[in-house]
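J.: Structure file query-v4.txt, compact mmCIF, C-alpha atoms, is pasted below:
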# COMPACT_ATOMS: atom_id res chain seq x y z
CA MET A 1395 92.76 -47.08 90.26
CA LYS A 1396 94.44 -50.27 91.48
CA VAL A 1397 92.82 -53.53 90.40
CA LEU A 1398 93.66 -57.08 91.43
CA GLN A 1399 92.47 -59.42 88.68
CA LEU A 1400 91.98 -63.05 89.72
CA CYS A 1401 91.88 -65.56 86.88
CA SER A 1402 90.95 -69.25 86.85
CA LYS A 1403 93.65 -69.92 84.23
CA PRO A 1404 96.59 -67.96 82.79
CA PRO A 1405 95.07 -65.13 80.72
CA TYR A 1406 98.20 -64.73 78.62
CA PRO A 1407 98.83 -65.67 75.91
CA PRO A 1408 95.18 -65.29 74.84
CA VAL A 1409 94.77 -68.66 73.16
CA ASP A 1410 91.05 -69.29 73.54
CA GLY A 1411 87.80 -67.43 74.08
CA GLY A 1412 88.14 -67.28 77.86
CA THR A 1413 91.70 -65.98 77.84
CA LEU A 1414 90.88 -63.48 75.10
CA ALA A 1415 88.04 -62.14 77.23
CA MET A 1416 90.19 -61.92 80.38
CA ASN A 1417 93.09 -60.30 78.55
CA SER A 1418 90.80 -57.71 76.98
CA ILE A 1419 89.86 -56.60 80.51
CA THR A 1420 93.53 -56.39 81.48
CA GLN A 1421 94.56 -54.45 78.39
CA GLY A 1422 91.60 -52.09 78.59
CA LEU A 1423 92.32 -51.22 82.21
CA LEU A 1424 96.03 -50.70 81.53
CA ALA A 1425 95.26 -48.47 78.55
CA ALA A 1426 92.93 -46.42 80.77
CA GLY A 1427 95.79 -45.74 83.19
CA CYS A 1428 94.86 -48.27 85.87
CA GLU A 1429 97.41 -50.29 87.82
CA VAL A 1430 96.60 -53.97 87.33
CA ARG A 1431 98.03 -56.98 89.13
CA VAL A 1432 97.15 -60.43 87.73
CA LEU A 1433 97.07 -63.49 89.96
CA ALA A 1434 96.03 -66.65 88.13
CA MET A 1435 95.67 -70.35 88.59
CA CYS A 1436 97.57 -72.70 86.31
CA SER A 1437 97.15 -76.44 85.87
CA GLU A 1438 98.21 -79.37 83.73
CA LYS A 1439 95.43 -78.47 81.31
CA HIS A 1440 96.26 -74.76 81.35
CA PRO A 1441 99.99 -74.36 82.09
CA VAL A 1442 101.95 -71.12 82.12
CA LEU A 1443 103.53 -70.75 78.68
CA GLU A 1444 106.65 -68.95 79.86
CA ASP A 1445 108.22 -68.44 76.44
CA ARG A 1446 105.09 -66.76 75.09
CA ILE A 1447 104.63 -64.14 77.81
CA PRO A 1448 106.44 -60.92 76.87
CA ASP A 1449 108.43 -58.99 79.43
CA ASP A 1450 106.29 -55.86 79.05
CA TYR A 1451 103.18 -57.85 80.01
CA ARG A 1452 104.94 -59.26 83.08
CA ARG A 1453 106.11 -55.81 84.14
CA ALA A 1454 102.73 -54.17 83.56
CA THR A 1455 100.70 -56.81 85.42
CA ARG A 1456 103.26 -58.37 87.81
CA PHE A 1457 101.74 -61.59 86.56
CA GLU A 1458 102.09 -64.73 88.64
CA ALA A 1459 100.36 -68.08 88.71
CA VAL A 1460 99.79 -70.73 91.36
CA PHE A 1461 99.54 -74.37 90.33
CA VAL A 1462 96.19 -76.00 91.15
CA ASP A 1463 95.44 -79.65 90.44
CA LEU A 1464 92.28 -79.47 88.35
CA ARG A 1465 92.37 -83.07 87.16
CA LEU A 1466 89.26 -85.17 87.63
CA HIS A 1467 89.51 -87.39 90.73
CA PRO A 1468 86.75 -90.02 91.00
CA LEU A 1469 86.96 -90.20 94.81
CA ASP A 1470 86.56 -86.43 95.18
CA ALA A 1471 83.74 -86.48 92.65
CA GLY A 1472 82.00 -89.20 94.65
CA VAL A 1473 82.36 -87.29 97.92
CA ALA A 1474 80.99 -84.13 96.27
CA MET A 1475 78.03 -86.08 94.93
CA LEU A 1476 77.23 -87.58 98.34
CA CYS A 1477 77.47 -84.16 99.97
CA GLY A 1478 75.41 -82.46 97.29
CA ASP A 1479 78.30 -80.09 96.51
CA SER A 1480 79.30 -78.75 93.11
CA TYR A 1481 82.28 -80.78 91.97
CA HIS A 1482 83.00 -78.10 89.36
CA VAL A 1483 83.68 -75.59 92.14
CA ARG A 1484 85.38 -78.05 94.49
CA ARG A 1485 88.12 -78.65 91.94
CA PHE A 1486 89.12 -74.97 92.15
CA GLU A 1487 89.55 -74.95 95.93
CA SER A 1488 93.27 -74.73 96.72
CA LYS A 1489 95.06 -73.96 99.98
CA ALA A 1490 98.11 -72.79 98.03
CA PHE A 1491 96.11 -70.30 95.96
CA ALA A 1492 94.25 -69.05 99.04
CA ALA A 1493 97.55 -68.54 100.88
CA ARG A 1494 99.15 -66.61 98.01
CA LEU A 1495 96.02 -64.50 97.58
CA ALA A 1496 96.12 -63.59 101.27
CA GLN A 1497 99.80 -62.61 100.97
CA VAL A 1498 99.14 -60.38 97.96
CA LEU A 1499 96.29 -58.62 99.75
CA GLN A 1500 98.49 -58.09 102.81
CA GLU A 1501 101.34 -56.72 100.68
CA GLU A 1502 99.31 -53.92 99.12
CA THR A 1503 95.92 -52.23 99.00
CA PHE A 1504 93.62 -52.47 95.98
CA ASP A 1505 90.61 -50.39 95.02
CA ILE A 1506 88.85 -53.28 93.24
CA VAL A 1507 89.24 -57.05 93.25
CA HIS A 1508 88.02 -58.32 89.88
CA VAL A 1509 87.20 -62.05 89.88
CA GLU A 1510 87.00 -63.94 86.59
CA SER A 1511 84.47 -66.81 86.94
CA ILE A 1512 82.08 -68.04 89.60
CA PHE A 1513 84.53 -70.93 90.13
CA LEU A 1514 86.67 -68.55 92.20
CA ALA A 1515 83.81 -67.65 94.56
CA PRO A 1516 85.33 -69.83 97.34
CA TYR A 1517 88.04 -67.17 97.70
CA VAL A 1518 85.68 -64.28 98.49
CA PRO A 1519 86.00 -64.92 102.27
CA VAL A 1520 89.80 -64.70 101.92
CA ILE A 1521 89.44 -61.36 100.13
CA ARG A 1522 87.03 -60.04 102.78
CA ARG A 1523 89.46 -60.93 105.59
CA HIS A 1524 92.34 -59.03 104.05
CA SER A 1525 90.78 -56.25 101.98
CA ASN A 1526 88.00 -53.67 102.09
CA ALA A 1527 87.88 -53.40 98.30
CA PRO A 1528 84.63 -54.13 96.44
CA VAL A 1529 84.73 -57.59 94.88
CA ILE A 1530 83.38 -57.75 91.33
CA LEU A 1531 82.43 -60.96 89.53
CA ARG A 1532 82.93 -61.21 85.77
CA THR A 1533 80.73 -63.97 84.33
CA HIS A 1534 81.78 -65.42 80.98
CA ASN A 1535 78.85 -67.83 80.86
CA VAL A 1536 75.99 -69.14 82.91
CA GLU A 1537 78.02 -72.25 83.60
CA ASN A 1538 75.18 -74.53 84.68
CA GLN A 1539 73.25 -73.89 81.46
CA ILE A 1540 76.12 -75.32 79.42
CA TRP A 1541 76.01 -78.54 81.39
CA ARG A 1542 72.21 -78.71 81.37
CA ARG A 1543 72.20 -78.53 77.57
CA MET A 1544 74.98 -81.10 77.42
CA ALA A 1545 72.87 -83.45 79.53
CA MET A 1546 69.92 -83.02 77.18
CA SER A 1547 71.99 -84.11 74.19
CA GLU A 1548 73.80 -87.02 75.93
CA ARG A 1549 72.52 -90.41 74.73
CA ASN A 1550 74.12 -92.56 77.42
CA CYS A 1551 71.58 -92.62 80.27
CA CYS A 1552 74.20 -92.94 83.03
CA LYS A 1553 76.28 -90.07 81.67
CA ARG A 1554 73.13 -88.02 81.15
CA TRP A 1555 72.11 -88.52 84.76
CA TYR A 1556 75.54 -87.53 86.09
CA ILE A 1557 75.90 -84.48 83.84
CA LYS A 1558 72.42 -83.38 84.91
CA HIS A 1559 73.50 -83.80 88.55
CA LEU A 1560 76.57 -81.64 87.89
CA ALA A 1561 74.37 -78.97 86.29
CA LEU A 1562 71.92 -78.95 89.20
CA THR A 1563 74.59 -78.67 91.90
CA LEU A 1564 76.38 -75.96 89.94
CA ARG A 1565 73.11 -74.05 89.52
CA ALA A 1566 72.50 -74.24 93.27
CA TYR A 1567 76.03 -72.95 93.94
CA GLU A 1568 75.69 -70.08 91.46
CA ARG A 1569 72.33 -69.10 92.94
CA GLU A 1570 73.68 -69.11 96.50
CA HIS A 1571 77.04 -67.44 95.96
CA VAL A 1572 76.47 -64.82 93.25
CA ASN A 1573 75.32 -62.53 96.07
CA ASP A 1574 78.69 -62.90 97.82
CA PHE A 1575 80.03 -60.29 95.39
CA ASP A 1576 79.49 -56.53 95.39
CA GLY A 1577 78.59 -56.42 91.72
CA VAL A 1578 78.35 -58.62 88.64
CA VAL A 1579 79.67 -57.84 85.17
CA SER A 1580 77.77 -60.06 82.77
CA ILE A 1581 78.93 -60.69 79.23
CA THR A 1582 75.38 -60.69 77.72
CA ASP A 1583 71.96 -59.30 78.57
CA ASN A 1584 70.56 -62.84 78.51
CA ASP A 1585 72.99 -63.92 81.19
CA ALA A 1586 72.26 -60.82 83.28
CA ASP A 1587 68.51 -61.51 83.07
CA TYR A 1588 69.14 -65.10 84.12
CA PHE A 1589 71.06 -64.10 87.25
CA ARG A 1590 68.33 -61.62 88.20
CA SER A 1591 65.67 -64.32 87.75
CA GLU A 1592 67.72 -66.63 89.98
CA GLY A 1593 67.70 -64.13 92.83
CA CYS A 1594 70.81 -62.01 92.32
CA ARG A 1595 70.28 -58.91 94.45
CA LYS A 1596 73.56 -57.21 93.60
CA PRO A 1597 74.02 -54.62 90.83
CA ILE A 1598 74.51 -56.21 87.42
CA VAL A 1599 75.84 -54.54 84.28
CA THR A 1600 76.25 -56.05 80.82
CA ILE A 1601 79.64 -55.41 79.26
CA PRO A 1602 80.46 -57.69 76.32
CA PHE A 1603 83.85 -58.94 75.25
CA ALA A 1604 86.04 -56.19 73.80
CA ILE A 1605 88.37 -56.68 70.90
CA THR A 1606 90.99 -54.79 68.97
CA PRO A 1607 90.81 -56.24 65.44
CA ALA A 1608 94.02 -57.89 64.38
CA ARG A 1609 95.89 -56.53 61.38
CA VAL A 1610 97.13 -59.29 59.11
CA ASP A 1611 99.02 -58.23 56.01
CA GLY A 1612 100.18 -60.31 53.10
CA VAL A 1613 97.99 -63.37 53.79
CA ALA A 1614 96.00 -64.63 50.79
CA GLU A 1615 92.53 -66.05 51.41
CA GLN A 1616 92.32 -69.62 50.16
CA PRO A 1617 89.17 -70.05 48.03
CA GLY A 1618 86.68 -72.78 48.88
CA THR A 1619 87.77 -73.12 52.52
CA LEU A 1620 85.63 -73.57 55.60
CA PHE A 1621 87.20 -73.35 59.03
CA HIS A 1622 86.47 -73.90 62.69
CA LEU A 1623 88.77 -72.53 65.39
CA GLY A 1624 88.20 -73.33 69.04
CA SER A 1625 89.61 -75.13 72.05
CA MET A 1626 88.74 -78.78 71.65
CA ASP A 1627 88.92 -79.51 75.36
CA TRP A 1628 85.67 -77.52 75.76
CA LEU A 1629 82.76 -79.95 75.65
CA PRO A 1630 80.37 -77.78 73.60
CA ASN A 1631 83.03 -77.48 70.88
CA GLN A 1632 83.51 -81.25 70.88
CA GLU A 1633 79.77 -81.80 70.64
CA GLY A 1634 79.31 -79.25 67.86
CA VAL A 1635 82.20 -80.44 65.71
CA ARG A 1636 81.05 -84.05 66.07
CA TRP A 1637 77.54 -83.04 64.93
CA PHE A 1638 78.96 -81.08 62.01
CA LEU A 1639 81.17 -83.93 60.82
CA ASP A 1640 78.43 -86.54 61.21
CA ARG A 1641 75.40 -84.61 59.97
CA VAL A 1642 76.47 -81.54 57.99
CA TRP A 1643 79.74 -82.37 56.24
CA PRO A 1644 78.31 -85.31 54.24
CA LEU A 1645 75.69 -82.95 52.77
CA ILE A 1646 78.25 -80.26 51.97
CA HIS A 1647 80.79 -82.65 50.51
CA SER A 1648 78.23 -84.32 48.25
CA GLN A 1649 76.96 -80.97 46.95
CA MET A 1650 80.30 -79.09 46.81
CA PRO A 1651 83.10 -81.69 46.69
CA SER A 1652 85.78 -79.08 46.01
CA LEU A 1653 85.28 -77.39 49.42
CA THR A 1654 87.70 -78.17 52.23
CA LEU A 1655 87.16 -77.97 55.98
CA HIS A 1656 90.01 -76.97 58.30
CA LEU A 1657 89.66 -77.74 62.01
CA ALA A 1658 92.04 -75.86 64.29
CA GLY A 1659 92.33 -75.55 68.03
CA ARG A 1660 94.13 -76.66 71.12
CA ARG A 1661 93.94 -80.19 72.52
CA MET A 1662 92.46 -82.07 69.60
CA SER A 1663 91.40 -85.54 70.64
CA ASP A 1664 93.20 -88.57 69.23
CA GLN A 1665 89.96 -89.45 67.46
CA LEU A 1666 90.06 -86.18 65.54
CA LEU A 1667 93.82 -86.25 64.97
CA ASN A 1668 93.46 -89.69 63.39
CA LEU A 1669 90.36 -88.77 61.40
CA LYS A 1670 90.45 -89.77 57.73
CA LEU A 1671 87.60 -87.93 56.07
CA GLU A 1672 87.80 -86.67 52.52
CA GLY A 1673 88.13 -82.90 52.33
CA VAL A 1674 88.68 -82.49 56.09
CA HIS A 1675 92.05 -81.23 57.34
CA ILE A 1676 92.90 -81.45 61.05
CA VAL A 1677 95.21 -78.52 61.71
CA GLY A 1678 95.45 -78.69 65.51
CA GLU A 1679 96.82 -75.74 67.46
CA VAL A 1680 97.89 -72.83 65.28
CA PRO A 1681 100.72 -70.43 66.19
CA ASP A 1682 98.73 -67.35 65.18
CA ALA A 1683 94.93 -67.42 65.22
CA ALA A 1684 94.58 -64.15 63.29
CA THR A 1685 96.74 -65.40 60.42
CA PHE A 1686 94.82 -68.68 60.30
CA ILE A 1687 91.48 -66.84 60.18
CA ALA A 1688 92.74 -64.49 57.46
CA SER A 1689 93.81 -67.43 55.29
CA LYS A 1690 90.38 -69.07 55.23
CA GLN A 1691 87.04 -68.04 53.75
CA ILE A 1692 83.97 -69.11 55.75
CA ASN A 1693 83.83 -69.64 59.52
CA VAL A 1694 81.56 -72.47 60.70
CA VAL A 1695 80.61 -72.54 64.39
CA PRO A 1696 78.15 -75.42 64.96
CA LEU A 1697 77.40 -74.93 68.66
CA LEU A 1698 74.50 -76.90 70.09
CA SER A 1699 75.05 -75.95 73.74
CA GLY A 1700 76.72 -73.13 75.59
CA SER A 1701 76.11 -69.82 77.28
CA GLY A 1702 77.70 -66.39 77.36
CA ILE A 1703 79.20 -65.11 74.12
CA ARG A 1704 81.34 -66.84 71.53
CA VAL A 1705 84.55 -64.87 71.43
CA LYS A 1706 85.90 -66.77 68.43
CA ILE A 1707 82.88 -65.69 66.39
CA ILE A 1708 83.55 -62.06 67.30
CA GLU A 1709 87.20 -62.53 66.37
CA ALA A 1710 86.29 -63.91 62.92
CA MET A 1711 83.68 -61.19 62.37
CA SER A 1712 86.22 -58.51 63.27
CA GLN A 1713 88.37 -59.79 60.39
CA GLY A 1714 85.48 -59.55 57.95
CA LYS A 1715 84.71 -63.25 57.68
CA ALA A 1716 81.27 -64.62 56.89
CA VAL A 1717 80.21 -66.76 59.85
CA VAL A 1718 77.67 -69.59 59.72
CA THR A 1719 76.54 -70.63 63.18
CA THR A 1720 73.57 -71.81 65.19
CA THR A 1721 71.11 -69.84 67.30
CA VAL A 1722 73.14 -70.89 70.36
CA GLY A 1723 76.37 -69.72 68.71
CA ALA A 1724 74.91 -66.30 67.83
CA GLN A 1725 73.40 -65.88 71.31
CA GLY A 1726 74.34 -62.65 73.04
CA ILE A 1727 76.27 -61.11 70.15
CA GLY A 1728 73.37 -58.99 68.92
CA ALA A 1729 74.13 -59.58 65.25
CA VAL A 1730 71.32 -59.78 62.68
CA ASP A 1731 70.86 -63.03 60.77
CA GLY A 1732 71.46 -62.52 57.07
CA ARG A 1733 73.24 -59.21 57.58
CA HIS A 1734 76.11 -59.70 60.04
CA LEU A 1735 76.23 -63.51 60.12
CA LEU A 1736 74.14 -66.51 59.04
CA ILE A 1737 72.17 -68.75 61.39
CA ALA A 1738 71.33 -72.41 60.75
CA ASP A 1739 70.02 -74.95 63.25
CA THR A 1740 69.59 -78.04 61.07
CA PRO A 1741 72.11 -79.90 58.89
CA GLU A 1742 70.15 -79.02 55.77
CA ARG A 1743 69.97 -75.33 56.64
CA PHE A 1744 73.67 -75.26 57.53
CA ALA A 1745 74.57 -76.71 54.13
CA THR A 1746 72.24 -74.24 52.39
CA GLN A 1747 73.79 -71.23 54.12
CA ILE A 1748 77.31 -72.38 53.25
CA ARG A 1749 76.31 -72.97 49.65
CA ARG A 1750 74.84 -69.47 49.50
CA CYS A 1751 78.19 -68.01 50.58
CA VAL A 1752 80.07 -70.12 48.05
CA ASP A 1753 77.75 -69.48 45.09
CA ASP A 1754 77.40 -65.75 45.74
CA PRO A 1755 80.80 -64.21 46.55
CA ALA A 1756 79.36 -60.68 46.59
CA PHE A 1757 76.87 -61.72 49.27
CA ARG A 1758 79.59 -63.42 51.33
CA GLN A 1759 81.80 -60.36 51.12
CA ALA A 1760 78.92 -58.06 52.08
CA VAL A 1761 78.16 -60.17 55.16
CA GLY A 1762 81.84 -60.06 56.10
CA ALA A 1763 82.04 -56.29 55.64
CA ASN A 1764 78.87 -55.79 57.70
CA ALA A 1765 80.30 -58.06 60.39
CA ARG A 1766 83.55 -56.10 60.58
CA GLN A 1767 81.70 -52.79 60.96
CA PHE A 1768 79.29 -54.25 63.52
CA ILE A 1769 82.15 -55.41 65.74
CA ALA A 1770 83.94 -52.06 65.38
CA ASP A 1771 80.78 -50.23 66.43
CA ASN A 1772 79.80 -52.47 69.35
CA TYR A 1773 82.90 -54.20 70.73
CA GLY A 1774 85.56 -51.49 70.90
CA ILE A 1775 87.88 -51.83 73.88
CA GLU A 1776 87.90 -48.14 74.90
CA PRO A 1777 84.12 -47.54 75.28
CA LEU A 1778 83.61 -50.88 77.02
CA THR A 1779 86.46 -50.17 79.45
CA ARG A 1780 84.85 -46.81 80.26
CA GLN A 1781 81.63 -48.67 81.12
CA LEU A 1782 83.56 -51.04 83.37
CA LEU A 1783 85.34 -48.20 85.17
CA ALA A 1784 82.02 -46.39 85.69
CA PHE A 1785 80.65 -49.56 87.29
CA TYR A 1786 83.73 -49.81 89.50
CA ASP A 1787 83.33 -46.16 90.54
CA LYS A 1788 79.73 -46.69 91.62
CA ARG A 1789 80.73 -49.63 93.78
CA LEU A 1790 83.56 -47.61 95.33
CA ASN A 1791 81.25 -44.69 96.10
CA LEU A 1792 78.91 -47.04 97.93
CA GLU A 1793 81.65 -48.24 100.25
Kindly return the structure encoded in the file as structure tokens.
T.:
Amino acid sequence: MKVLQLCSKPPYPPVDGGTLAMNSITQGLLAAGCEVRVLAMCSEKHPVLEDRIPDDYRRATRFEAVFVDLRLHPLDAGVAMLCGDSYHVRRFESKAFAARLAQVLQEETFDIVHVESIFLAPYVPVIRRHSNAPVILRTHNVENQIWRRMAMSERNCCKRWYIKHLALTLRAYEREHVNDFDGVVSITDNDADYFRSEGCRKPIVTIPFAITPARVDGVAEQPGTLFHLGSMDWLPNQEGVRWFLDRVWPLIHSQMPSLTLHLAGRRMSDQLLNLKLEGVHIVGEVPDAATFIASKQINVVPLLSGSGIRVKIIEAMSQGKAVVTTTVGAQGIGAVDGRHLLIADTPERFATQIRRCVDDPAFRQAVGANARQFIADNYGIEPLTRQLLAFYDKRLNLE
């Protein structure tokens, strides 16, 4: 089977949750014997990291990227607002990307066009003009829900109004254009149910993020260490870390002053980089996420908003780490609180759960072992790829 995979940012190297999820699709399809071609957008925020893309990946995927200016432009945002359009989606509209997509589709025939993110829906008409292949949407989140929750937590009334406007226009776009596709691959059952409730008439299947657990040898776990790993240009991560530092860390530090917190991730703000808080270490971007995870003890993921599935939680669980997160953070994973991870939605509860892991090493290790087995049983790349291929086959047989 020949698959054209369209990505809203370079999927390799897999440096964040979104790229990990996209790359797991690529690797699963390649391992199953499919021919995959990857055409991606790149931008100032998400450039192509040439020196980190191996030759075998380039050969296997014929990877290429087209630069798209995704910077925020106040004039364009104002026009979108006056027109009632989704500015989120408008930013991804590019004549250069549309032209290259048309050329690729004219150069060869594909069985499936796999589209990563609703933000690439404007290119469905281009695909239809040049290909008869079924077009499948992979949803990583319900994007408008992230922004709706962000609006609810925003204190500035002007910002809250504008973020709410962005959420409403994005919701309207998602509702209208999800039916442009021939099928939808949702990352969680909750997201699939949402799209159905919003009027999606196309077939929907839930296929979560797949992972091959990393093997890290010779890395000692540092005792008394908490860690958070996530892209800090993602607003829910910014919001959650801010809440944790303001509301949770003072409780933890006063009760367990020997604990240290290590914050890692791409694009740390200057405010975080310059943070001087006792016991808190700002690591920034790490060269190897798996090694960083292996070297720390307890993963804290204080998400207050978001949708989809938290890939970084799955990554930590796959390495046998005890994870303390919120109800939002655990959403869609299917893990059981107290067995596979720990859930806390208040500062006090968060501190209590962390203290439990610190005071009872056997409990922490049991949670980590349960987490590792849970991920192995439910997020293996081979069975999930088989589900995806079966979904593809059904769409092809309907053509």
J.: Quick one: everything within 10 Å of Val1599 in chain A, counting all atoms listed in the file, minus sequence neighbours fewer than 2 positions away in the same chain. Send it as a ChimeraX atom specification.
T.: /A:1532,1577-1583,1586,1596-1597,1601-1602,1781-1782,1785
J.: With only C-alpha atoms as the basis for distance, which of A:Phe1491, A:Tyr1481, A:Tyr1588, A:Phe1686 is at the shortest distance from Leu1560 in chain A?
T.: A:Tyr1481
J.: For Arg1733 in chain A, find every residue with an atom within 10 Å (counting all atoms listed in the file), except residues of its own chain fewer than 4 positions away, and show them as a PyMOL selection string.
T.: chain A and resi 1716+1729+1757-1758+1760-1765+1768
J.: Excluding Val1409 in chain A and its own-chain neighbours fewer than 4 positions away, which residues fall within 10 Å of it when counting all atoms listed in the file? Please give them as a ChimeraX atom specification.
T.: /A:1404-1405,1413-1414,1624-1625,1659-1660,1679-1683
J.: I need the residue nearest Ile1506 in chain A from this list: A:Arg1661, A:Arg1453, A:Lys1396, A:Arg1485. Use all atoms listed in the file for the distance.
T.: A:Lys1396
J.: Ranking A:Leu1466, A:Ala1566, A:Leu1639, A:Gln1539 by minimum distance to Val1722 in chain A and counting only C-alpha atoms, which one comes first?
T.: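 Answer, going by the shortest atom-to-atom distance: A:Gln1539.
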J.: Quick one: distance from CA of Val1397 in chain A to CA of Ile1703 in chain A in Å, one decimal?
T.: 24.2 Å
J.: Using only C-alpha atoms, determine which residues lie at most 7 Å from Gly1673 in chain A, disregarding the query and same-chain residues fewer than 5 positions distant; provide the list as JSON, numbers by chain.
T.: {"A": [1653, 1654, 1655]}
J.: Residues near Glu1458 in chain A, anyone? I mean within 7 Å using all atoms listed in the file, not counting same-chain ones fewer than 5 positions away, as a VMD selection string.
T.: chain A and resid 1432 to 1434
J.: Those selected residues, please, written with C-alpha atoms and delivered as a compact mmCIF listing (two decimals), in the frame of the given file.
T.:
# COMPACT_ATOMS: atom_id res chain seq x y z
CA VAL A 1432 97.15 -60.43 87.73
CA LEU A 1433 97.07 -63.49 89.96
CA ALA A 1434 96.03 -66.65 88.13
J.: Just checking: using only C-alpha atoms, which residue out of A:Phe1589, A:Ala1710, A:Met1662, A:Ile1419 ends up closest to Arg1780 in chain A?
T.: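 Of the candidates, the smallest distance to Arg1780 in chain A is held by A:Ile1419.
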J.: Under the rule that only C-alpha atoms are counted, which of A:Asp1463, A:Asp1505, A:Glu1633, A:Glu1570 is the nearest residue to Ile1540 in chain A?
T.: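 Of the candidates, the smallest distance to Ile1540 in chain A is held by A:Glu1633.
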J.: Restricting the calculation to only C-alpha atoms, which member of A:Leu1697, A:Val1473, A:Ala1426, A:Val1705 is positioned closest to Ala1784 in chain A?
T.: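 For Ala1784 in chain A, the nearest of the given residues is A:Ala1426.
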J.: CA of Ile1775 in chain A and CA of Gln1421 in chain A, how far apart in Å?
T.: 8.5 Å
J.: Could you jot down the CA of Glu1568 in chain A to CA of Ile1530 in chain A separation for me, Å, one decimal place?
T.: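 Distance between the two atoms: 14.5 Å.
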J.: Taking (93.1, -50.9, 86.7) in the file's coordinates as the center, which residues reach within 7 Å of it, counting all atoms listed in the file, put as a list in words?
T.: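 Taken together, the residues in range are Met1395, Lys1396, Val1397, Leu1423, Leu1424, Gly1427, Cys1428, Glu1429 and Val1430 of chain A.
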J.: Up to 7 Å from (84.6, -81.8, 60.9) in the file's coordinates: name the residues, counting all atoms listed in the file, as a list in words.
T.: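 Nearby residues: Val1635, Arg1636, Phe1638, Leu1639, Trp1643, Leu1655, Leu1657 and Val1674 of chain A.
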